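Colleague: Starting off with a structure, shown below.
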Amino acid sequence: MESDLVVDLKVNGSSLCFRTLQGIRIIQAAAGAGRTMLITDSGQVYAFGKDSFGEAEYGGQGSKTVTAPRLVESLKNIFVVQAAIGNFFTAVLSREGRVYTFSWGSDGKLGHHTDSNDMEPHPLLGALEDIPVVQIAAGYCYLLCLACQPSGM
């Protein structure tokens, strides 16, 4: 007997059972700003919740709420091991130690040289471009990366 994933949504105060994830092993969950991302043991990412800025998680622009987890198509070629959600952006960490960011970020705040509201994940450029990252965390308007260099952390 396979178990369903039960998530307590605080929006309406009741627990929901997602049968779309039946048989899928979730190894990490990230929540923030009204949305949630789930990482599977095979590196796939599922997302649900608020889509106020048209984030890549939901495949389109507009203001809507996704009520059941959906596979994030834009991340299907990246083996994701961790996700972090800021207020208006999302970051994921690949098993190779690369950090990808996407969503809303004006003035280059997503860490790569693309449009401010980039719907596709792109790897960080700059100081961490060639350094493996082992863990990420996000807050309202920041992304923290724990990097591992050959000489130590």
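Chain identifiers are assigned as A, B, and so on, following the order in which chains appear in the structure tokens; residues are numbered from 1 within each chain, and ligands are numbered from 1 in order of appearance.
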Within 6 Å of region 131-139 of chain A, counting only C-alpha atoms, which residues show up once you throw out same-chain ones fewer than 6 positions away? Write them as number ranges by chain, please.

Modeller: A: 84-86, 97, 145-148

Colleague: Which residues are near Val92 (chain A)? Cut-off 7 Å, only C-alpha atoms, ignore same chain within fewer than 6 positions. Put them as a PyMOL selection string.

Modeller: chain A and resi 80+82-84+99-101

Colleague: Using the selection just defined, write its residues with N, CA and C atoms as a short mmCIF file (atom, residue, chain, number, x, y, z; two decimals), in the first residue's frame.

Modeller:
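The new file again13.cif reads:
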data_model
loop_
_atom_site.label_atom_id
_atom_site.label_comp_id
_atom_site.auth_asym_id
_atom_site.auth_seq_id
_atom_site.Cartn_x
_atom_site.Cartn_y
_atom_site.Cartn_z
N VAL A 80 17.92 18.09 -9.54
CA VAL A 80 17.83 19.03 -8.42
C VAL A 80 17.88 18.26 -7.10
N GLN A 82 18.05 20.36 -4.02
CA GLN A 82 17.52 21.27 -3.02
C GLN A 82 16.88 22.47 -3.69
N ALA A 83 15.87 23.04 -3.06
CA ALA A 83 15.23 24.27 -3.54
C ALA A 83 15.15 25.26 -2.39
N ALA A 84 15.17 26.54 -2.73
CA ALA A 84 14.99 27.61 -1.76
C ALA A 84 14.13 28.68 -2.41
N VAL A 99 24.09 26.37 -8.85
CA VAL A 99 22.88 27.05 -8.37
C VAL A 99 22.21 27.72 -9.56
N TYR A 100 20.91 27.49 -9.70
CA TYR A 100 20.11 28.09 -10.76
C TYR A 100 19.05 28.98 -10.11
N THR A 101 18.84 30.16 -10.68
CA THR A 101 17.81 31.06 -10.16
C THR A 101 16.86 31.44 -11.29
#

Colleague: If we count only C-alpha atoms and set the cut-off at 7 Å, which residues sit around Ser94 (chain A), ignoring sequence neighbours fewer than 6 positions away in its own chain? Please answer as a compact mmCIF listing (two decimals) with N, CA and C atoms, in the first residue's frame.

Modeller:
# COMPACT_ATOMS: atom_id res chain seq x y z
N ILE A 78 17.72 19.17 -15.25
CA ILE A 78 18.63 19.46 -14.13
C ILE A 78 18.27 18.51 -13.00
N PHE A 79 19.24 17.75 -12.49
CA PHE A 79 18.99 16.86 -11.34
C PHE A 79 19.07 17.73 -10.09
N VAL A 80 17.92 18.09 -9.54
CA VAL A 80 17.83 19.03 -8.42
C VAL A 80 17.88 18.26 -7.10
N VAL A 81 18.67 18.78 -6.15
CA VAL A 81 18.76 18.16 -4.82
C VAL A 81 18.21 19.05 -3.72

Colleague: Excluding region 22-29 of chain A and its own-chain neighbours fewer than 5 positions away, which residues fall within 6 Å of it when counting only C-alpha atoms? Please give them as a VMD selection string.

Modeller: chain A and resid 4 37 to 41

Colleague: Given the selection you just returned, output its residues as a file containing C-alpha atoms, formatted as a PDB file, in the first residue's frame.

Modeller:
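Output below, filename again_34.pdb:
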ATOM      1  CA  ASP A   4      -0.262   9.766  -0.238  1.00  0.00           C
ATOM      2  CA  MET A  37       8.398  23.168  -4.134  1.00  0.00           C
ATOM      3  CA  LEU A  38       8.941  19.440  -3.612  1.00  0.00           C
ATOM      4  CA  ILE A  39      12.134  17.640  -4.653  1.00  0.00           C
ATOM      5  CA  THR A  40      12.010  13.925  -5.500  1.00  0.00           C
ATOM      6  CA  ASP A  41      14.711  11.304  -5.034  1.00  0.00           C
TER       7      ASP A  41
END

Colleague: Rounded to one decimal, what separation in Å do you get between CA of Glu120 (chain A) and CA of Glu73 (chain A)?

Modeller: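 If I compute the distance from CA of Glu120 (chain A) to CA of Glu73 (chain A), I get 9.8 Å.
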
Colleague: Under the rule that only C-alpha atoms are counted, which of A:Ala127, A:His122, A:Thr20, A:Val66 is the nearest residue to Arg35 (chain A)?

Modeller: A:Val66

Colleague: A:Leu93, A:Ala30, A:Arg19, A:Tyr142: which is nearest Pro69 (chain A), counting only C-alpha atoms?

Modeller: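 Residue with the minimum atom-to-atom distance to Pro69 (chain A): A:Arg19.
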
Colleague: Kindly indicate which residue among A:Ser151, A:Ser74, A:Thr67, A:Ser103 lies nearest to Ala91 (chain A), using only C-alpha atoms for the distances.

Modeller: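 That would be A:Ser103, the residue with the smallest distance to Ala91 (chain A).
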
Colleague: What is the distance between CA of Asn87 (chain A) and CA of Gly49 (chain A), in Å to one decimal?

Modeller: 12.9 Å
